[in-house]
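Participant: Submitted below is the structure of interest, expressed as structure tokens.
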Amino acid sequence: MKKLYYDVSKCLACKTCEIVCAVGKSASKELFSSITEDTKPLTCVKVKDAQGKNFPIACRHCKAHPCVDACIAHALSYDAKTGRVLHDKDKCTGCWMCVMVCPYGAIRDNKKLKVPVRCDFCADTDEPRCINACPVGAIMFLEEDELESREQSKNKK
Amino acid sequence: MNLKAESNQKTKNNTMKNIIIIGNSAAGVAAAESIRTQDSKSKIVMVSDEPYFAYCRCLISNYLSGSIEEKKLTYRDEKFYSDNRIELLLDKKVERVDVKKKKIVLAEKQELLYDSLIIATGAHASMPKDLKGTNKRGAFGFRTIKDTNDILELLPMSHTSCVLGGGLIGLKAAYGLKKRGQDVKVVVRSGRILSQVADDKAAGLLLSRFQENGIEVLLNTGVSEIIGNGDVKAIKLENGKVIGTSIVVVGKGVTSNTKLVRDSDVKIDWGISVDEYMRTNIDNIYAAGDVAQGYDLTTNSSQVNALWPVAVEQGKIAGANVCGASLKSKGSFGMNSVEFFGLPLISMGVFEGDYETLVYYNKEKQVYRKLVIDKGRIIGTLLLGDIANSGLYFHLIKEKADISKIQDDLLDTNLSYARISDFVRQDEKIYI
Ligand SMILES: Cc1cc2nc3c(=O)[nH]c(=O)nc-3n(C[C@H](O)[C@H](O)[C@H](O)COP(=O)(O)OP(=O)(O)OC[C@H]3O[C@@H](n4cnc5c(N)ncnc54)[C@H](O)[C@@H]3O)c2cc1C
């Protein structure tokens, strides 16, 4: 099951990932027209700095998925086959229980639309848009064991 | 909690068991799902005294307000029970548990034997003993679809509704009734609303929202009687005043449904006492959800935290342990997320008392954020108007993390998982 990982030594906090993410979540999926949409699209990934480095974060689709357990509307569910946390907009009441329990702080509240802002690995396309948009290649979409080999080769350099 | 990994090593369930789950809601469903992740053979029987498939109890106020239809309340549909081979007994009340003979006794003396029993009977709306007239037509607790349908049926004949109690459930009912065009009065004995989830300041800010939106809130006002000849006509206040009304919703907290084990050896306090494995004092009997009383890690005491996510977590644990796992709960704590008239509030753990606090308040923006710290760890938080990063605080509370090194950054909007990750258990790698 592929997940997003980030190479912190490369990330420059240019926030291109945030922009392509927001545009990808807009109705038009075009940068210029998306800005003028009634409800501004929000990014699911956020880059924050801590101790001099930049750390992107987005929903981990984590194995524990406390958001699914906390969802009082059964809008969130976990698909064990794909390892993804799924969200059903029609069921969601915007109660923010998921925001309350996300250990990564990776779910935010879209106050206007009353739905959580949460990475779905760009379910409408083959791959998350952020990976190819990142100008420094800091974002990786990998299987867990692939990550280990990447890390080992990085440490050798 | 990594259910599968932990339980796989420990489960030895070659034998087929008879498992009975009493209760078909958050805790019961979670227990059944958890059992089926590791035991496909055992027989599971679920019993509920309500006539519906599991539904989203927390959303009955959305149904009351008209923002969702009744059929959209379904939490698990027919397919769930058939896929998981659960025998579902609906509209059947369990009268008592015979602990010695390992059987449950239903109405009309129907009996069922169990090898393992999970009691997930939840709670009901409390009716204060000193309040007269709660049995009149038009007086309701607010707990079930049936309560909601009964209220909805009376609405066309009613102009004014009164809600007794300023807690979350009472206020959710008030909100729903207002949306239905009722003239709503909330009568609260104490000096503030939401005393279980908000401090004076947060409660004050929320109170203004209610008043601005046309819901009258009478504080410091006791009610002595619900008046009427069969049908509710009015409520009588302790100060002698009478308010005409045909609907009264009693929102005076909830009481765990422990009656079925009252005459057994199962240990009861407010709820059924459970340990960190969700075991009661009797072998093979577990309890989970609103009926269970267990360790609260923020107050360091034994509590019934009658909350949906707590019920799900406890149900999961009970289910796994019935199958031979030894999953442990870290303990629960009060936690809630609500929004009234556009003002969101997240409340967790301890939010008052003689503790160190970190506070941010912006009157103009109506933002109030408060962290309560005890001996270098966060034991509670209130986030009003801006709920960003609440999950990070949740994580720090749950992990009992030592936050002394990051205390100055905690209220910074730039706070991130990366900043706290050194102080909590890291379940997975994210960064290289
Ligand atoms: C209006 C409202 C709003 C709420 N909002 C929130 C919220 O925002 N966040 C939150 O965390 N929580 C909220 N809650 C609380 C939440 O609904 C409960 O914590 C949760 O439902 C507990 O689940 P449970 O499975 O323990 O019990 P319950 O949901 O109470 O279910 C108990 C089950 O046991 C069955 N049962 C009981 N006694 C017997 C018997 N003797 N025989 C057979 N069956 C029996 C019942 O039929 C039912 O199926 C709200 C509750 C209400 C009423």
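Residues in the structure tokens are numbered from 1 in each chain, the chains being A, B, ... in the order shown, and ligands are numbered from 1 in the order shown.
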How close does chain A get to ligand 1? List, as a Markdown table, each residue of chain A within 9 Å, its nearest atom pair and the distance in Å to one decimal, counting only C-alpha atoms and all ligand atoms.
Facilitator:
| residue | atom | partner | partner_atom_place_in_ligand_line | distance |
| --- | --- | --- | --- | --- |
| A:Ala70 | CA | ligand 1 | 11 (O) | 7.3 |
| A:Cys71 | CA | ligand 1 | 11 (O) | 8.7 |
| A:Ile72 | CA | ligand 1 | 9 (N) | 6.8 |
| A:Cys95 | CA | ligand 1 | 8 (O) | 7.2 |
| A:Met97 | CA | ligand 1 | 9 (N) | 7.5 |
Participant: Kindly provide the residues of chain A that approach chain B to within 6 Å, each paired with its closest atom pair and their distance in Å to one decimal, based on only C-alpha atoms, listed by chain and increasing number, as CSV.
Facilitator:
residue,atom,partner,partner_atom,distance
A:Tyr5,CA,B:Ile430,CA,5.2
A:Tyr6,CA,B:Tyr431,CA,4.9
A:Asp7,CA,B:Ile432,CA,4.9
A:Ala50,CA,B:Arg419,CA,5.7
A:Ala64,CA,B:Met1,CA,5.8
A:Asp69,CA,B:Pro309,CA,5.7
A:Ala70,CA,B:Pro309,CA,4.4
A:Ala73,CA,B:Cys56,CA,5.9
A:His74,CA,B:Tyr75,CA,5.9
A:Met97,CA,B:Ser337,CA,5.7
A:Val99,CA,B:Gly391,CA,5.9
A:Met100,CA,B:Gly391,CA,4.6
A:Val101,CA,B:Gly391,CA,4.5
A:Cys102,CA,B:Gly391,CA,4.5
A:Pro103,CA,B:Gly391,CA,5.1
A:Tyr104,CA,B:Tyr417,CA,5.2
A:Gly105,CA,B:Gly391,CA,5.0
Participant: Which residues are near range 141-154 of chain B? Cut-off 6 Å, only C-alpha atoms, ignore same chain within fewer than 6 positions. Put them as a list in words.
Facilitator: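 Result of the neighbour search: Ala125, Val249 and Val250 of chain B.
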Participant: Generate a file of the selected residues that holds C-alpha atoms, formatted as a PDB file, in the first residue's frame.
Facilitator:
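New file again_2.pdb:
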ATOM      1  CA  ALA B 125     -31.650  10.016  29.640  1.00  0.00           C
ATOM      2  CA  VAL B 249     -37.088  17.886  26.710  1.00  0.00           C
ATOM      3  CA  VAL B 250     -35.276  16.776  29.836  1.00  0.00           C
TER       4      VAL B 250
END
Participant: Write down as number ranges by chain the residues of range 224-408 of chain B whose backbone DSSP state falls under alpha helix (DSSP H).
Facilitator: B: 308-322, 390-398
Participant: Based on the selection just made, write C-alpha atoms of those residues as a CSV table (one decimal), in the first residue's frame.
Facilitator:
chain,number,residue,atom,x,y,z
B,308,TRP,CA,-19.1,7.8,20.9
B,309,PRO,CA,-15.4,7.4,20.2
B,310,VAL,CA,-14.8,6.0,23.6
B,311,ALA,CA,-17.6,3.5,23.1
B,312,VAL,CA,-16.0,2.4,19.7
B,313,GLU,CA,-12.6,2.0,21.2
B,314,GLN,CA,-13.8,0.1,24.2
B,315,GLY,CA,-15.9,-2.1,22.0
B,316,LYS,CA,-13.0,-2.9,19.8
B,317,ILE,CA,-10.9,-3.8,22.8
B,318,ALA,CA,-13.6,-6.0,24.4
B,319,GLY,CA,-14.2,-7.8,21.1
B,320,ALA,CA,-10.5,-8.6,20.6
B,321,ASN,CA,-10.1,-9.8,24.2
B,322,VAL,CA,-13.1,-12.1,24.0
B,390,SER,CA,-6.7,19.9,18.2
B,391,GLY,CA,-5.6,16.4,17.1
B,392,LEU,CA,-2.1,17.2,18.2
B,393,TYR,CA,-3.2,18.1,21.6
B,394,PHE,CA,-5.4,15.0,21.7
B,395,HIS,CA,-2.3,13.0,20.9
B,396,LEU,CA,-0.2,14.7,23.6
B,397,ILE,CA,-2.9,14.1,26.2
B,398,LYS,CA,-3.4,10.5,25.3
Participant: Counting only C-alpha atoms, what is within 9 Å of Lys40 in chain A, bar same-chain residues fewer than 6 positions away, as a PyMOL selection string?
Facilitator: chain A and resi 22+26+34
Participant: For Ala292 in chain B, work out the shell of residues within 6 Å, counting only C-alpha atoms and skipping chain neighbours fewer than 5 positions away, then give it as an NGL selection string.
Facilitator: :B and (271-272 or 287)
Participant: Would you list the contacts of range 75-85 of chain A as a list in words, taking every protein, DNA or RNA residue within 10 Å and counting only C-alpha atoms, but skipping same-chain residues closer than 5 positions in sequence?
Facilitator: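 The residues satisfying every condition are Met1, Lys2, Lys3, Cys59, Arg60, His61, Cys62, Lys63, Ala64, His65, Cys67, Val68, Asp69, Ala70, Asp90, Lys91, Cys92, Thr93, Gly94, Cys98, Arg118, Cys119, Asp120 and Phe121 of chain A; Tyr75 of chain B.
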Participant: Set the distance at 10 Å and use only C-alpha atoms: which residues neighbour Ala13 in chain A once local chain neighbours fewer than 4 positions away are removed? I'd like the list as an NGL selection string.
Facilitator: :A and (8 or 17-18 or 46-49 or 53-56)
